[in-house]
Amino acid sequence: MPQNASALIALCGSLYRMADDVNLGSIVSYAMRLRREVGEFLVGSCVRREPALQHTDAFIRWAAARTQ
């Protein structure tokens, strides 16, 4: 995991562009290891780019964990 903030944001930018219903679970797992606001940026970017991802099990579990 990059320690440099710019590198981390660049990595998140690459990940969200590749997000689909097959790999969103892996992206969410990675996002859970990040600081909360960076993880939310990453997953939020994924669903803004592809709104249908909001209906995947991975996103639903991630969102439910954020409400607790």
# chains A, B, ... in the order shown; residues from 1 in each chain; ligands from 1
call {"tool": "residues_around", "arguments": {"residues": "A:Cys12", "least_positions_apart": "4", "cutoff": "7 Å", "atoms": "only C-alpha atoms", "output": "number ranges by chain"}}
result
A: 8, 16, 42
call {"tool": "write_last_selection", "arguments": {"atoms": "N, CA and C atoms", "output": "short mmCIF file (atom, residue, chain, number, x, y, z; two decimals), in the first residue's frame"}}
result
data_model
loop_
_atom_site.label_atom_id
_atom_site.label_comp_id
_atom_site.auth_asym_id
_atom_site.auth_seq_id
_atom_site.Cartn_x
_atom_site.Cartn_y
_atom_site.Cartn_z
N LEU A 8 -1.21 6.98 -3.66
CA LEU A 8 -2.41 6.26 -3.23
C LEU A 8 -3.63 6.71 -4.04
N TYR A 16 -10.58 2.25 -9.76
CA TYR A 16 -12.00 2.52 -10.03
C TYR A 16 -12.32 2.42 -11.51
N LEU A 42 -12.67 5.67 -3.03
CA LEU A 42 -12.46 4.60 -4.00
C LEU A 42 -13.78 3.92 -4.38
#
call {"tool": "residues_around", "arguments": {"residues": "A:Pro2", "least_positions_apart": "2", "cutoff": "12 Å", "atoms": "only C-alpha atoms", "output": "PyMOL selection string"}}
result
chain A and resi 4-12+33-34
call {"tool": "write_last_selection", "arguments": {"atoms": "N, CA and C atoms", "output": "PDB file, in the first residue's frame"}}
result
ATOM      1  N   ASN A   4       2.711   7.384   0.148  1.00  0.00           N
ATOM      2  CA  ASN A   4       2.598   8.710  -0.435  1.00  0.00           C
ATOM      3  C   ASN A   4       1.148   8.952  -0.849  1.00  0.00           C
ATOM      4  N   ALA A   5       0.569  10.067  -0.413  1.00  0.00           N
ATOM      5  CA  ALA A   5      -0.848  10.353  -0.697  1.00  0.00           C
ATOM      6  C   ALA A   5      -1.126  10.435  -2.192  1.00  0.00           C
ATOM      7  N   SER A   6      -0.237  11.056  -2.941  1.00  0.00           N
ATOM      8  CA  SER A   6      -0.447  11.178  -4.387  1.00  0.00           C
ATOM      9  C   SER A   6      -0.440   9.812  -5.066  1.00  0.00           C
ATOM     10  N   ALA A   7       0.467   8.953  -4.646  1.00  0.00           N
ATOM     11  CA  ALA A   7       0.533   7.610  -5.221  1.00  0.00           C
ATOM     12  C   ALA A   7      -0.721   6.812  -4.866  1.00  0.00           C
ATOM     13  N   LEU A   8      -1.208   6.975  -3.656  1.00  0.00           N
ATOM     14  CA  LEU A   8      -2.413   6.264  -3.230  1.00  0.00           C
ATOM     15  C   LEU A   8      -3.628   6.711  -4.043  1.00  0.00           C
ATOM     16  N   ILE A   9      -3.773   8.017  -4.243  1.00  0.00           N
ATOM     17  CA  ILE A   9      -4.897   8.524  -5.043  1.00  0.00           C
ATOM     18  C   ILE A   9      -4.771   8.058  -6.492  1.00  0.00           C
ATOM     19  N   ALA A  10      -3.556   8.034  -7.028  1.00  0.00           N
ATOM     20  CA  ALA A  10      -3.354   7.535  -8.395  1.00  0.00           C
ATOM     21  C   ALA A  10      -3.740   6.060  -8.502  1.00  0.00           C
ATOM     22  N   LEU A  11      -3.371   5.268  -7.495  1.00  0.00           N
ATOM     23  CA  LEU A  11      -3.741   3.857  -7.484  1.00  0.00           C
ATOM     24  C   LEU A  11      -5.259   3.699  -7.425  1.00  0.00           C
ATOM     25  N   CYS A  12      -5.910   4.477  -6.572  1.00  0.00           N
ATOM     26  CA  CYS A  12      -7.371   4.420  -6.486  1.00  0.00           C
ATOM     27  C   CYS A  12      -8.009   4.804  -7.811  1.00  0.00           C
ATOM     28  N   ARG A  33      -9.028  -1.670   3.878  1.00  0.00           N
ATOM     29  CA  ARG A  33      -7.721  -1.554   4.517  1.00  0.00           C
ATOM     30  C   ARG A  33      -7.214  -0.113   4.527  1.00  0.00           C
ATOM     31  N   LEU A  34      -7.852   0.750   3.774  1.00  0.00           N
ATOM     32  CA  LEU A  34      -7.434   2.143   3.665  1.00  0.00           C
ATOM     33  C   LEU A  34      -8.069   2.985   4.763  1.00  0.00           C
TER      34      LEU A  34
END
call {"tool": "atom_distance", "arguments": {"atom1": "atom CA of A:Ser14", "atom2": "atom CA of A:Arg66"}}
result
23.1 Å
call {"tool": "closest_residue", "arguments": {"among": "A:Val28, A:Met18, A:Leu53, A:Ala58", "to": "A:Phe41", "atoms": "only C-alpha atoms"}}
result
A:Val28
call {"tool": "residues_around", "arguments": {"residues": "A:Ala65", "least_positions_apart": "2", "cutoff": "12 Å", "atoms": "only C-alpha atoms", "output": "JSON, numbers by chain"}}
result
{"A": [28, 29, 32, 36, 40, 58, 59, 60, 61, 62, 63, 67, 68]}
call {"tool": "closest_residue", "arguments": {"among": "A:Ala52, A:Val38, A:Met1, A:Cys46", "to": "A:Leu24", "atoms": "only C-alpha atoms"}}
result
A:Cys46
call {"tool": "select_by_dssp", "arguments": {"residues": "stretch 4-39 of chain A", "states": "alpha helix (DSSP H)", "output": "MDAnalysis selection string"}}
result
chainID A and resid 5:18 24:33 36:39
call {"tool": "write_last_selection", "arguments": {"atoms": "C-alpha atoms", "output": "short mmCIF file (atom, residue, chain, number, x, y, z; two decimals), in the first residue's frame"}}
result
data_model
loop_
_atom_site.label_atom_id
_atom_site.label_comp_id
_atom_site.auth_asym_id
_atom_site.auth_seq_id
_atom_site.Cartn_x
_atom_site.Cartn_y
_atom_site.Cartn_z
CA ALA A 5 -0.85 10.35 -0.70
CA SER A 6 -0.45 11.18 -4.39
CA ALA A 7 0.53 7.61 -5.22
CA LEU A 8 -2.41 6.26 -3.23
CA ILE A 9 -4.90 8.52 -5.04
CA ALA A 10 -3.35 7.53 -8.39
CA LEU A 11 -3.74 3.86 -7.48
CA CYS A 12 -7.37 4.42 -6.49
CA GLY A 13 -7.93 6.19 -9.80
CA SER A 14 -6.64 3.18 -11.67
CA LEU A 15 -8.68 0.74 -9.61
CA TYR A 16 -12.00 2.52 -10.03
CA ARG A 17 -11.61 2.60 -13.81
CA MET A 18 -11.23 -1.20 -13.83
CA LEU A 24 -15.54 -5.20 -7.06
CA GLY A 25 -15.23 -7.60 -4.11
CA SER A 26 -11.44 -7.38 -4.32
CA ILE A 27 -11.54 -3.60 -4.66
CA VAL A 28 -13.85 -3.34 -1.63
CA SER A 29 -11.49 -5.58 0.36
CA TYR A 30 -8.64 -3.24 -0.50
CA ALA A 31 -10.75 -0.18 0.34
CA MET A 32 -11.47 -1.61 3.79
CA ARG A 33 -7.72 -1.55 4.52
CA ARG A 36 -12.02 5.50 5.87
CA GLU A 37 -12.20 8.61 3.67
CA VAL A 38 -9.86 7.14 1.05
CA GLY A 39 -11.80 3.87 0.97
#
